[in-house]
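Visitor: To start, I am sharing the structure in question, which I have written as structure tokens.
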Amino acid sequence: MARLIEGSATMRVNDALEEDEVAEGYILTCQGVPDTDSITVRYE
């Protein structure tokens, strides 16, 4: 799990994160597909 800092990504499947975590910008990097040319994530 990481927080998306810059850019955007879509998760193919989300069986682990709650809606509020997604709203705060968290993504599952194993399921994330970038929607922009460049993204920045921070692992916490």
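All residue names refer to the structure tokens as shown: chains lettered A, B, ... in order, residues numbered from 1 in each chain, ligands numbered from 1 in order.
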Assign secondary structure with DSSP using the backbone only, and return the residues of chain A in alpha helix (DSSP H) as a list in words.

Guide: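 Secondary structure check on chain A, alpha helix (DSSP H): Glu19, Asp20, Glu21, Val22 and Ala23 of chain A.
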
Visitor: Would you mind listing what lies within 10 Å of Thr36 in chain A as an mmCIF file with C-alpha atoms, in the first residue's frame, with only C-alpha atoms counted and same-chain residues fewer than 3 positions away left out?

Guide:
data_model
loop_
_atom_site.group_PDB
_atom_site.id
_atom_site.type_symbol
_atom_site.label_atom_id
_atom_site.label_comp_id
_atom_site.auth_asym_id
_atom_site.auth_seq_id
_atom_site.Cartn_x
_atom_site.Cartn_y
_atom_site.Cartn_z
ATOM 1 C CA GLU A 6 1.516 12.980 -7.898
ATOM 2 C CA GLY A 7 -0.391 11.841 -10.977
ATOM 3 C CA SER A 8 -3.268 9.393 -11.008
ATOM 4 C CA ALA A 9 -3.724 5.643 -11.120
ATOM 5 C CA VAL A 33 -2.224 1.100 -13.343
ATOM 6 C CA ILE A 39 3.187 9.102 -10.964
#

Visitor: Mind giving me the straight-line distance from CA of Arg12 in chain A to CA of Gln31 in chain A in Å, one decimal?

Guide: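 Rounded to one decimal, the two atoms are 5.4 Å apart.
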
Visitor: Compile the contact shell of range 13-22 of chain A as a PyMOL selection string: residues with an atom at most 10 Å away, counting only C-alpha atoms, same-chain residues fewer than 3 positions apart removed.

Guide: chain A and resi 1+3-4+10+25-28+30-32

Visitor: Taking N, CA and C atoms for each residue, export the selection above as a PDB file, in the first residue's frame.

Guide:
ATOM      1  N   MET A   1       0.851  -1.164   0.000  1.00  0.00           N
ATOM      2  CA  MET A   1       0.000   0.000   0.000  1.00  0.00           C
ATOM      3  C   MET A   1       0.897   1.227   0.000  1.00  0.00           C
ATOM      4  N   ARG A   3       0.777   5.804  -0.791  1.00  0.00           N
ATOM      5  CA  ARG A   3      -0.040   7.000  -1.020  1.00  0.00           C
ATOM      6  C   ARG A   3       0.396   7.627  -2.337  1.00  0.00           C
ATOM      7  N   LEU A   4      -0.571   7.917  -3.183  1.00  0.00           N
ATOM      8  CA  LEU A   4      -0.315   8.563  -4.460  1.00  0.00           C
ATOM      9  C   LEU A   4      -0.080  10.046  -4.202  1.00  0.00           C
ATOM     10  N   THR A  10      -5.378   3.948 -11.472  1.00  0.00           N
ATOM     11  CA  THR A  10      -6.600   3.195 -11.236  1.00  0.00           C
ATOM     12  C   THR A  10      -6.213   1.802 -10.763  1.00  0.00           C
ATOM     13  N   GLY A  25      -6.076   8.969  -0.960  1.00  0.00           N
ATOM     14  CA  GLY A  25      -5.023   8.828  -1.953  1.00  0.00           C
ATOM     15  C   GLY A  25      -4.223   7.544  -1.886  1.00  0.00           C
ATOM     16  N   TYR A  26      -4.630   6.599  -1.048  1.00  0.00           N
ATOM     17  CA  TYR A  26      -3.899   5.336  -0.959  1.00  0.00           C
ATOM     18  C   TYR A  26      -4.267   4.423  -2.126  1.00  0.00           C
ATOM     19  N   ILE A  27      -3.266   3.681  -2.609  1.00  0.00           N
ATOM     20  CA  ILE A  27      -3.489   2.702  -3.663  1.00  0.00           C
ATOM     21  C   ILE A  27      -2.732   1.420  -3.324  1.00  0.00           C
ATOM     22  N   LEU A  28      -3.186   0.333  -3.910  1.00  0.00           N
ATOM     23  CA  LEU A  28      -2.450  -0.924  -3.850  1.00  0.00           C
ATOM     24  C   LEU A  28      -1.541  -0.934  -5.071  1.00  0.00           C
ATOM     25  N   CYS A  30       0.336  -3.131  -6.232  1.00  0.00           N
ATOM     26  CA  CYS A  30       0.300  -4.374  -7.000  1.00  0.00           C
ATOM     27  C   CYS A  30      -0.890  -4.413  -7.951  1.00  0.00           C
ATOM     28  N   GLN A  31      -1.854  -3.507  -7.763  1.00  0.00           N
ATOM     29  CA  GLN A  31      -3.047  -3.458  -8.601  1.00  0.00           C
ATOM     30  C   GLN A  31      -3.180  -2.145  -9.365  1.00  0.00           C
ATOM     31  N   GLY A  32      -2.301  -1.195  -9.083  1.00  0.00           N
ATOM     32  CA  GLY A  32      -2.406   0.128  -9.688  1.00  0.00           C
ATOM     33  C   GLY A  32      -1.873   0.189 -11.106  1.00  0.00           C
TER      34      GLY A  32
END

Visitor: Mind checking DSSP for chain A and telling me the strand (DSSP E) residues as a short mmCIF file (atom, residue, chain, number, x, y, z; two decimals) with C-alpha atoms, in the first residue's frame?

Guide:
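Just written: part-v8.cif:
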data_model
loop_
_atom_site.label_atom_id
_atom_site.label_comp_id
_atom_site.auth_asym_id
_atom_site.auth_seq_id
_atom_site.Cartn_x
_atom_site.Cartn_y
_atom_site.Cartn_z
CA ALA A 2 1.26 3.46 -0.86
CA ARG A 3 -0.04 7.00 -1.02
CA LEU A 4 -0.32 8.56 -4.46
CA ILE A 5 1.52 11.89 -4.26
CA GLU A 6 1.52 12.98 -7.90
CA ALA A 9 -3.72 5.64 -11.12
CA THR A 10 -6.60 3.19 -11.24
CA MET A 11 -6.63 -0.04 -9.26
CA TYR A 26 -3.90 5.34 -0.96
CA ILE A 27 -3.49 2.70 -3.66
CA GLY A 32 -2.41 0.13 -9.69
CA VAL A 33 -2.22 1.10 -13.34
CA PRO A 34 -0.98 4.65 -14.05
CA THR A 40 4.86 9.47 -7.59
CA VAL A 41 3.98 7.21 -4.66
CA ARG A 42 5.16 7.19 -1.06
CA TYR A 43 5.29 3.90 0.80
#
